[in-house]
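Student: Structure supplied as target_33.csv; contents: CSV, C-alpha atoms.
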chain,number,residue,atom,x,y,z
A,229,MET,CA,162.3,175.9,104.5
A,230,LYS,CA,160.5,175.9,101.2
A,231,ARG,CA,160.9,172.1,101.0
A,232,GLN,CA,159.6,171.6,104.5
A,233,SER,CA,156.4,173.5,103.9
A,234,SER,CA,155.9,171.8,100.5
A,235,THR,CA,156.2,168.4,102.2
A,236,SER,CA,153.7,169.3,105.0
A,237,PHE,CA,151.3,170.6,102.3
A,238,ARG,CA,151.6,167.3,100.5
A,239,TYR,CA,150.9,165.3,103.7
A,240,GLU,CA,147.9,167.4,104.4
A,241,ALA,CA,146.6,166.7,100.8
A,242,LEU,CA,147.3,163.0,101.4
A,243,SER,CA,145.3,163.0,104.6
A,244,LYS,CA,142.4,164.6,102.8
A,245,VAL,CA,142.6,162.0,100.0
A,246,THR,CA,142.9,159.2,102.5
A,247,ASN,CA,139.6,160.2,104.1
A,248,LYS,CA,137.9,160.3,100.8
A,249,VAL,CA,139.4,157.0,99.8
A,250,PHE,CA,138.1,155.4,103.1
A,251,ASN,CA,134.6,156.8,102.4
A,252,SER,CA,134.4,155.4,98.9
A,253,THR,CA,131.8,152.7,98.5
A,254,SER,CA,132.7,151.5,95.0
A,255,LEU,CA,135.7,151.2,92.7
A,256,GLU,CA,134.1,153.9,90.5
A,257,ALA,CA,133.9,156.4,93.4
A,258,LEU,CA,137.5,155.5,94.5
A,259,ASN,CA,138.7,156.1,90.9
A,260,GLU,CA,136.9,159.5,90.9
A,261,VAL,CA,138.5,160.6,94.1
A,262,LEU,CA,142.0,159.7,92.9
A,263,ALA,CA,141.5,161.4,89.5
A,264,GLN,CA,140.5,164.6,91.2
A,265,HIS,CA,142.9,164.8,94.1
A,266,ILE,CA,146.3,163.2,93.2
A,267,LYS,CA,147.4,166.4,91.6
A,268,TYR,CA,147.3,168.1,95.0
A,269,ILE,CA,149.8,165.6,96.5
A,270,PHE,CA,152.4,165.5,93.8
A,271,ASP,CA,153.2,166.6,90.3
A,272,TYR,CA,152.8,163.9,87.6
A,273,SER,CA,152.3,163.2,84.0
A,274,PHE,CA,151.4,159.6,84.6
A,275,PHE,CA,150.7,157.8,87.8
A,276,ARG,CA,149.8,154.1,88.1
A,277,ILE,CA,149.1,151.5,90.8
A,278,ALA,CA,149.1,147.9,89.7
A,279,VAL,CA,148.4,145.0,92.0
A,280,GLY,CA,148.7,141.3,91.4
A,281,PHE,CA,145.5,140.1,93.1
A,282,THR,CA,143.9,136.8,91.9
A,283,GLN,CA,142.2,139.2,89.5
A,284,PRO,CA,145.0,141.7,88.8
A,285,LEU,CA,144.0,145.3,88.7
A,286,SER,CA,145.4,148.7,87.8
A,287,LEU,CA,144.4,152.3,88.4
A,288,SER,CA,146.2,154.7,86.0
A,289,TYR,CA,146.0,158.5,85.8
A,290,THR,CA,147.2,161.0,83.2
A,291,LYS,CA,146.6,164.8,83.5
A,292,THR,CA,143.3,164.3,81.6
A,293,ASN,CA,142.2,160.7,81.9
A,294,ALA,CA,141.7,157.9,84.5
A,295,TYR,CA,141.9,154.2,83.6
A,296,VAL,CA,140.6,151.3,85.7
A,297,GLU,CA,141.7,148.0,84.2
A,298,GLN,CA,140.7,144.6,85.4
A,299,GLU,CA,139.6,142.3,82.5
A,300,SER,CA,141.9,144.2,80.2
A,301,PHE,CA,144.8,144.3,82.7
A,302,GLU,CA,148.3,143.7,81.5
A,303,TRP,CA,151.6,144.2,83.4
A,304,LEU,CA,153.7,146.9,81.7
A,305,PRO,CA,157.3,145.9,80.6
A,306,HIS,CA,158.9,147.9,83.4
A,307,GLU,CA,156.6,146.4,86.0
A,308,LYS,CA,157.6,142.8,84.9
A,309,ALA,CA,161.2,143.8,85.4
A,310,LEU,CA,160.4,145.4,88.7
A,311,ILE,CA,158.6,142.3,90.1
A,312,ALA,CA,161.6,140.2,89.1
A,313,SER,CA,164.3,142.4,90.6
A,314,LYS,CA,162.3,144.4,93.2
A,315,ILE,CA,164.8,147.2,92.8
A,316,PRO,CA,163.2,150.7,92.3
A,317,ILE,CA,163.5,152.1,88.9
A,318,SER,CA,164.6,155.6,87.7
A,319,GLU,CA,165.1,155.8,84.0
A,320,PRO,CA,164.2,157.9,81.0
A,321,PHE,CA,160.6,157.6,79.9
A,322,GLU,CA,159.9,155.6,76.8
A,323,ARG,CA,156.5,156.5,75.3
A,324,SER,CA,156.4,153.3,73.2
A,325,ASN,CA,155.9,151.3,76.4
A,326,PHE,CA,152.7,153.3,77.3
A,327,LYS,CA,150.8,153.2,74.0
A,328,ASN,CA,147.4,152.7,75.7
A,329,TYR,CA,147.6,155.9,77.7
A,330,GLU,CA,147.4,159.5,76.5
A,331,ILE,CA,150.3,160.9,78.4
A,332,GLN,CA,151.1,164.6,77.9
A,333,ILE,CA,154.5,165.8,78.8
A,334,PRO,CA,155.3,169.5,78.6
A,335,THR,CA,159.1,169.0,78.1
A,336,GLU,CA,161.1,166.9,75.7
A,337,HIS,CA,162.3,164.4,78.3
A,338,ALA,CA,160.6,162.7,81.2
A,339,THR,CA,161.6,160.3,83.9
A,340,LEU,CA,160.0,157.0,84.9
A,341,TYR,CA,160.1,156.2,88.5
A,342,ALA,CA,158.8,152.8,89.8
A,343,TRP,CA,158.7,151.0,93.1
A,344,HIS,CA,157.8,147.5,94.1
A,345,HIS,CA,155.9,146.8,97.3
A,346,GLU,CA,154.2,143.8,98.8
A,347,PHE,CA,150.6,143.9,99.8
A,348,LYS,CA,149.5,140.8,101.7
A,349,GLU,CA,151.7,138.5,99.5
A,350,HIS,CA,150.5,140.3,96.4
A,351,SER,CA,153.0,142.3,94.2
A,352,MET,CA,152.2,145.9,93.9
A,353,CYS,CA,153.9,148.3,91.4
A,354,ILE,CA,153.8,152.0,91.8
A,355,THR,CA,154.7,154.0,88.7
A,356,LEU,CA,155.2,157.7,88.3
A,357,VAL,CA,156.2,159.6,85.2
A,358,GLN,CA,157.4,163.2,85.7
A,359,SER,CA,158.6,165.8,83.2
A,360,GLN,CA,162.1,167.1,83.5
A,361,ASN,CA,161.1,170.3,85.3
A,362,ALA,CA,159.1,168.5,88.0
A,363,ASN,CA,160.9,167.6,91.2
A,364,LEU,CA,160.5,164.4,92.9
A,365,PHE,CA,162.3,164.0,96.2
A,366,TRP,CA,163.2,160.5,96.9
A,367,SER,CA,162.1,161.0,100.5
A,368,GLU,CA,158.6,161.4,99.1
A,369,ALA,CA,158.6,157.9,97.7
A,370,ASP,CA,157.3,156.9,101.1
A,371,LEU,CA,154.4,159.1,100.6
A,372,LEU,CA,153.6,157.5,97.2
A,373,ILE,CA,153.8,154.1,98.7
A,374,MET,CA,151.6,155.1,101.6
A,375,LEU,CA,149.0,156.4,99.2
A,376,ALA,CA,149.3,153.2,97.1
A,377,GLU,CA,148.9,151.0,100.1
A,378,ILE,CA,145.8,152.9,101.3
A,379,VAL,CA,144.3,152.7,97.8
A,380,VAL,CA,145.1,149.0,97.4
A,381,ALA,CA,143.7,148.2,100.9
A,382,LYS,CA,140.5,149.9,99.9
A,383,VAL,CA,140.4,148.1,96.5
A,384,SER,CA,140.9,144.8,98.4
A,385,LYS,CA,138.2,145.7,100.9
A,386,LEU,CA,135.8,146.6,98.1
A,387,ALA,CA,136.6,143.3,96.4
A,388,TYR,CA,135.8,141.5,99.7
A,389,LEU,CA,132.6,143.5,100.2
A,390,ASP,CA,131.7,142.6,96.6
A,391,LEU,CA,132.5,139.0,97.2
A,392,ILE,CA,130.4,139.0,100.5
A,393,ALA,CA,127.5,140.7,98.6
A,394,ARG,CA,127.7,138.1,95.9
A,395,LYS,CA,127.9,135.2,98.5
A,396,ASN,CA,124.9,136.8,100.3
A,397,LYS,CA,123.0,136.9,97.1
A,398,GLU,CA,123.8,133.3,96.5
A,399,LEU,CA,122.7,132.4,100.0
A,400,ARG,CA,119.5,134.3,99.6
A,401,MET,CA,118.8,132.5,96.4
A,402,ALA,CA,119.6,129.2,98.1
A,403,LEU,CA,117.3,130.1,101.0
A,404,LEU,CA,114.5,130.9,98.5
A,405,GLU,CA,115.1,127.6,96.8
A,406,ILE,CA,115.0,125.8,100.1
A,407,GLU,CA,111.8,127.6,101.0
A,408,ARG,CA,110.3,126.7,97.7
A,409,GLN,CA,111.2,123.1,98.1
A,410,ASN,CA,109.8,123.2,101.6
A,411,GLU,CA,106.6,124.4,100.2
A,412,ASP,CA,106.6,121.6,97.7
A,413,ILE,CA,107.3,119.1,100.5
A,414,GLN,CA,104.5,120.6,102.6
A,415,ALA,CA,102.2,120.3,99.6
A,416,ILE,CA,103.1,116.7,99.1
A,417,VAL,CA,102.6,116.0,102.8
A,418,ALA,CA,99.2,117.7,102.8
A,419,ASN,CA,98.3,115.7,99.7
A,420,GLN,CA,99.4,112.5,101.4
A,421,GLU,CA,97.4,113.4,104.5
A,422,SER,CA,94.4,114.1,102.3
A,423,ILE,CA,94.8,110.7,100.6
A,424,ILE,CA,95.1,109.0,104.0
A,425,GLU,CA,92.0,110.8,105.3
A,426,GLN,CA,90.1,109.8,102.1
A,427,ARG,CA,91.2,106.2,102.5
A,428,THR,CA,90.3,106.2,106.2
A,429,ASN,CA,86.9,107.6,105.3
A,430,GLU,CA,86.5,104.9,102.6
A,431,LEU,CA,87.4,102.2,105.0
A,432,THR,CA,85.1,103.6,107.7
A,433,LYS,CA,82.3,103.7,105.2
A,434,LYS,CA,83.1,100.1,104.1
A,435,ASN,CA,83.2,98.9,107.7
A,436,LYS,CA,79.9,100.5,108.4
A,437,THR,CA,78.4,98.9,105.3
A,438,LEU,CA,79.8,95.5,106.3
A,439,LEU,CA,78.4,95.9,109.8
A,440,GLU,CA,75.0,96.8,108.3
A,441,ILE,CA,75.1,93.7,106.1
A,442,ALA,CA,76.0,91.6,109.0
A,443,THR,CA,73.1,93.0,111.0
A,444,ILE,CA,70.7,92.5,108.1
A,445,ASN,CA,72.0,88.9,107.7
A,446,ALA,CA,71.5,88.2,111.4
A,447,HIS,CA,67.9,89.4,111.3
A,448,SER,CA,67.2,87.6,108.2
A,449,LEU,CA,68.5,84.3,109.8
A,450,ARG,CA,66.7,84.9,113.1
A,451,GLU,CA,63.3,85.0,111.4
A,452,PRO,CA,63.0,81.3,110.2
A,453,LEU,CA,65.1,80.2,113.3
A,454,SER,CA,62.5,81.8,115.7
A,455,ARG,CA,59.8,80.0,113.8
A,456,ILE,CA,61.6,76.7,114.2
A,457,LEU,CA,62.0,77.4,117.9
A,458,GLY,CA,58.3,78.3,118.3
A,459,LEU,CA,57.2,75.2,116.3
A,460,ILE,CA,59.4,72.9,118.5
A,461,GLN,CA,57.8,74.5,121.6
A,462,VAL,CA,54.3,74.0,120.1
A,463,ALA,CA,54.9,70.4,118.9
A,464,GLU,CA,55.4,69.1,122.4
A,465,GLY,CA,51.9,69.9,123.5
A,466,LEU,CA,50.1,68.7,120.3
A,467,THR,CA,47.9,65.6,120.5
A,468,ASN,CA,46.0,66.0,117.3
A,469,LYS,CA,47.7,64.0,114.5
A,470,GLU,CA,46.8,66.5,111.8
A,471,GLU,CA,48.3,69.4,113.7
A,472,ARG,CA,51.4,67.4,114.5
A,473,ASP,CA,51.8,66.6,110.7
A,474,LEU,CA,51.2,70.3,109.9
A,475,THR,CA,53.9,71.3,112.5
A,476,ILE,CA,56.4,68.9,111.0
A,477,GLU,CA,55.6,70.3,107.5
A,478,TYR,CA,56.0,73.8,108.9
A,479,LEU,CA,59.3,72.8,110.5
A,480,LYS,CA,60.5,71.4,107.2
A,481,ILE,CA,59.6,74.6,105.3
A,482,SER,CA,61.2,76.9,108.0
A,483,ALA,CA,64.4,74.8,108.2
A,484,GLU,CA,64.7,74.8,104.4
A,485,GLU,CA,64.1,78.6,104.4
A,486,LEU,CA,66.8,79.0,107.0
A,487,ASP,CA,69.2,76.8,105.0
A,488,GLN,CA,68.4,78.8,101.8
A,489,ARG,CA,69.1,82.1,103.5
A,490,LEU,CA,72.4,80.8,105.0
A,491,GLN,CA,73.4,79.6,101.5
A,492,ASP,CA,72.6,83.0,100.1
A,493,ILE,CA,74.7,84.8,102.7
A,494,ILE,CA,77.6,82.4,102.2
A,495,GLU,CA,77.4,83.0,98.4
A,496,ARG,CA,77.2,86.7,98.7
A,497,SER,CA,80.1,86.9,101.3
A,498,THR,CA,82.3,84.8,99.0
A,499,GLN,CA,81.5,87.0,96.1
A,500,HIS,CA,82.2,90.1,98.1
A,501,PHE,CA,85.5,88.6,99.3
A,502,LYS,CA,86.5,87.8,95.8
A,503,GLU,CA,85.7,91.3,94.6
A,504,SER,CA,87.6,92.9,97.4
A,505,LEU,CA,90.7,90.9,96.4
A,506,GLN,CA,90.6,92.1,92.8
B,147,MET,CA,28.4,89.1,136.0
B,148,LYS,CA,30.8,87.2,133.7
B,149,LYS,CA,33.0,89.5,131.6
B,150,LYS,CA,33.1,89.3,127.9
B,151,THR,CA,35.8,87.0,126.4
B,152,PRO,CA,38.6,89.2,125.0
B,153,LEU,CA,39.4,89.2,121.3
B,154,LEU,CA,42.9,88.9,119.9
B,155,TYR,CA,44.2,89.6,116.5
B,156,LEU,CA,47.4,87.9,115.4
B,157,VAL,CA,49.0,89.9,112.5
B,158,ASP,CA,52.0,88.3,110.8
B,159,ASP,CA,52.7,87.7,107.1
B,160,GLN,CA,54.1,84.3,108.0
B,161,LYS,CA,51.3,81.7,108.3
B,162,ILE,CA,53.5,79.5,110.4
B,163,VAL,CA,54.1,82.2,113.0
B,164,ASN,CA,50.5,82.9,113.4
B,165,PHE,CA,50.0,79.1,113.8
B,166,VAL,CA,52.7,78.9,116.4
B,167,ASN,CA,51.4,82.0,118.3
B,168,GLN,CA,47.9,80.7,118.3
B,169,LYS,CA,48.9,77.3,119.7
B,170,VAL,CA,51.1,79.0,122.3
B,171,ILE,CA,48.2,81.2,123.5
B,172,GLU,CA,45.9,78.2,123.5
B,173,SER,CA,48.4,76.2,125.6
B,174,SER,CA,48.6,79.0,128.1
B,175,GLY,CA,45.0,78.3,129.1
B,176,ILE,CA,43.8,81.9,128.6
B,177,SER,CA,40.3,82.0,127.3
B,178,CYS,CA,40.0,84.4,124.4
B,179,GLY,CA,38.9,84.7,120.8
B,180,ILE,CA,41.7,84.6,118.2
B,181,LYS,CA,41.7,85.8,114.6
B,182,THR,CA,44.8,85.4,112.5
B,183,PHE,CA,45.8,87.7,109.6
B,184,GLU,CA,48.6,87.2,107.1
B,185,ASP,CA,47.6,90.4,105.3
B,186,PRO,CA,47.7,93.4,107.6
B,187,LYS,CA,45.3,95.3,105.3
B,188,GLN,CA,42.7,92.7,105.9
B,189,ALA,CA,43.2,93.1,109.7
B,190,LEU,CA,42.7,96.9,109.4
B,191,LYS,CA,39.5,96.3,107.3
B,192,GLN,CA,38.2,93.8,109.8
B,193,LEU,CA,39.1,96.0,112.7
B,194,LYS,CA,36.4,98.5,111.8
B,195,HIS,CA,33.7,95.9,112.5
B,196,HIS,CA,35.2,94.0,115.4
B,197,VAL,CA,37.7,96.0,117.5
B,198,PRO,CA,40.0,93.5,119.2
B,199,ASP,CA,41.2,94.0,122.8
B,200,TYR,CA,44.8,93.0,121.8
B,201,ILE,CA,46.8,92.9,118.7
B,202,LEU,CA,50.0,90.8,118.4
B,203,LEU,CA,51.9,92.6,115.6
B,204,ASP,CA,55.0,91.7,113.5
B,205,ILE,CA,57.3,94.4,112.3
B,206,GLN,CA,58.8,93.2,109.1
B,207,MET,CA,56.0,92.5,106.6
B,208,PRO,CA,55.7,93.3,102.9
B,209,GLU,CA,53.4,96.1,101.6
B,210,VAL,CA,52.3,97.3,105.1
B,211,ASP,CA,54.9,96.9,107.8
B,212,GLY,CA,54.3,97.0,111.6
B,213,TRP,CA,55.0,100.7,111.8
B,214,GLN,CA,52.6,101.7,109.0
B,215,PHE,CA,50.0,99.4,110.7
B,216,LEU,CA,50.5,101.3,114.0
B,217,GLU,CA,50.0,104.6,112.2
B,218,SER,CA,46.8,103.4,110.6
B,219,LEU,CA,45.6,102.3,114.1
B,220,GLN,CA,46.3,105.8,115.4
B,221,GLN,CA,44.4,107.4,112.5
B,222,LEU,CA,41.4,105.1,113.2
B,223,GLN,CA,41.7,106.1,116.8
B,224,CYS,CA,41.7,102.5,117.7
B,225,ARG,CA,42.0,101.7,121.4
B,226,SER,CA,43.3,98.1,121.1
B,227,LYS,CA,46.5,97.3,123.0
B,228,VAL,CA,49.4,96.2,120.8
B,229,VAL,CA,52.2,93.8,121.7
B,230,MET,CA,55.0,93.7,119.1
B,231,VAL,CA,56.0,90.1,118.4
B,232,THR,CA,59.1,90.2,116.2
B,233,SER,CA,62.3,88.4,115.4
B,234,SER,CA,64.1,91.7,115.6
B,235,THR,CA,66.4,92.1,118.6
B,236,SER,CA,67.3,95.7,117.5
B,237,ARG,CA,67.4,98.3,120.2
B,238,ILE,CA,66.2,100.9,117.6
B,239,ASP,CA,63.1,98.9,116.8
B,240,ARG,CA,62.4,98.5,120.6
B,241,GLN,CA,62.7,102.3,121.1
B,242,LYS,CA,60.6,103.1,118.0
B,243,ALA,CA,57.8,100.8,119.3
B,244,ALA,CA,57.9,102.4,122.7
B,245,ALA,CA,57.1,105.7,121.0
B,246,PHE,CA,53.6,104.5,120.1
B,247,SER,CA,51.2,104.9,123.0
B,248,LEU,CA,49.2,101.9,121.8
B,249,VAL,CA,52.2,99.5,122.2
B,250,VAL,CA,52.2,98.0,125.7
B,251,ASP,CA,55.0,95.4,125.2
B,252,TYR,CA,57.7,94.1,122.9
B,253,VAL,CA,58.4,90.4,122.7
B,254,VAL,CA,61.2,88.7,120.7
B,255,LYS,CA,60.1,85.6,118.8
B,256,PRO,CA,59.4,82.8,119.5
B,257,LEU,CA,56.5,83.7,121.8
B,258,SER,CA,56.4,81.3,124.8
B,259,VAL,CA,53.6,80.1,127.1
B,260,GLU,CA,55.4,81.8,130.0
B,261,GLN,CA,55.5,85.1,128.1
B,262,VAL,CA,51.8,84.9,127.3
B,263,LYS,CA,50.9,84.3,130.9
B,264,LYS,CA,53.1,87.2,132.0
B,265,LEU,CA,51.5,89.5,129.4
B,266,SER,CA,48.1,88.5,130.5
B,267,GLU,CA,48.9,89.3,134.2
B,268,GLN,CA,50.5,92.6,133.3
B,269,HIS,CA,48.1,94.1,130.7
B,270,CYS,CA,44.8,92.3,131.0
B,271,THR,CA,42.0,93.9,133.0
B,272,PHE,CA,39.6,91.1,132.6
Re-express the file's structure as structure tokens.
Tutor:
Amino acid sequence: MKRQSSTSFRYEALSKVTNKVFNSTSLEALNEVLAQHIKYIFDYSFFRIAVGFTQPLSLSYTKTNAYVEQESFEWLPHEKALIASKIPISEPFERSNFKNYEIQIPTEHATLYAWHHEFKEHSMCITLVQSQNANLFWSEADLLIMLAEIVVAKVSKLAYLDLIARKNKELRMALLEIERQNEDIQAIVANQESIIEQRTNELTKKNKTLLEIATINAHSLREPLSRILGLIQVAEGLTNKEERDLTIEYLKISAEELDQRLQDIIERSTQHFKESLQ
Amino acid sequence: MKKKTPLLYLVDDQKIVNFVNQKVIESSGISCGIKTFEDPKQALKQLKHHVPDYILLDIQMPEVDGWQFLESLQQLQCRSKVVMVTSSTSRIDRQKAAAFSLVVDYVVKPLSVEQVKKLSEQHCTF
């Protein structure tokens, strides 16, 4: 009867711890929950959960201290044996194997209990050290394993959340980098557009200048040509020898002038062409 | 009563052009007095004493160009009719000339006998 009520009390405590474990948002918070509440589930001098994740991890508790080991993690001797044999251990406690932990035992002798369990292909070792006067019922081993499973599942979830957070951060950084590069590209494109616009403006201006030169040239050529045409027209009706001679002289002058202007234009155009090629 | 013979000024810096224009006008059979000027300033000076009925005016001339000449005519309140005779085929020059009330016509060189006859029919009141 006493045993029955004790067991149900433990399950109730486990249920409470389970809730708190589920609600933990970090390994630190999880550790705190366990450090405070394990004592309500069972009596212990030392309790430890070790799991062989890619980055192995252990959570160890004495009456006074809590230890979270990741970088400094090492399998304890009895855990190595347990992983090899997978047979639960029940043996006298040897303090020399637990030098790193301040374990207080009220009696002279204590017992080391350890179980092996698989968590998603990872080895998990649950260790419990109890003093002689404490009672551990083997039927309650299930309870310990259940707690260990809940804790390890949470640790695993936190690790995944951490991984996701890290990946998210990396993605955000990558996105920022892409945005920055995008800005660079846009700046280059804008610069190119500005250069093209500038070149187009230069060409338009050049074309306009060339057109103006062509117009001036045409006018400059038309002037002596119109004189020649006029003189030819006049020459036909002239009977006076003096005037005819004068007309021929004027024709000569005007034709020479036309020729000179043409030569000037040809020379300037050639010069302009040469310069534009350089 | 016989009307007075009209007076024409030919203003062009090119002696040859003035010679051609004079001969063309003579060939057209129109009776008029003709004075030629290679220096527009001389024409403006002369104008104060003998106001011509018509002025045949070139545009591109050194020192005083056709436009400046027209402005001087306006300042002098001269009432001579002006025919631009130029080698410029530019639309802008044509529009610019039309803006002066004194300008009655615009002829692209060379001036021909037919054009002179036509101008005489259109603009002469004598």
Student: State, in Å with one decimal place, the distance from CA of Leu257 in chain B to CA of Ile481 in chain A.
Tutor: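 Taking CA of Leu257 in chain B as the start and CA of Ile481 in chain A as the end point, the length is 19.1 Å.
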Student: Please list as a ChimeraX atom specification every residue within 8 Å of Ile456 in chain A, counting only C-alpha atoms and excluding residues in the same chain fewer than 2 positions away.
Tutor: /A:452-454,458-460,479,482-483
Student: Could the residues of chain B within 9 Å of chain A, counting all atoms listed in the file, be given as a list in words, please?
Tutor: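 Listing them in order of chain and number gives Ile162, Val163, Phe165, Val166, Asn167, Lys169, Val170, Ser173, Thr232, Ser233, Ser234, Thr235, Ser236, Val254, Lys255, Pro256, Leu257, Ser258 and Val259 of chain B.
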Student: Quick one: residues within 12 Å of Ala243 in chain B, all atoms listed in the file, excluding same-chain residues fewer than 2 positions away - as a PyMOL selection string?
Tutor: chain B and resi 203-205+212-217+228-232+234+236-241+245-253
Student: Neighbouring residues of Phe183 in chain B were defined as those with any atom within 10 Å, considering only C-alpha atoms; residues of the same chain fewer than 5 positions away were excluded. Please report them as a VMD selection string.
Tutor: chain B and resid 155 to 161 164 188 to 190 192 203
Student: Select, from B:Leu222, B:Lys191, B:Pro186, B:Gln268, the residue with the minimum atom-to-atom distance to Gln206 in chain B, counting only C-alpha atoms.
Tutor: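 Answer, going by the shortest atom-to-atom distance: B:Pro186.
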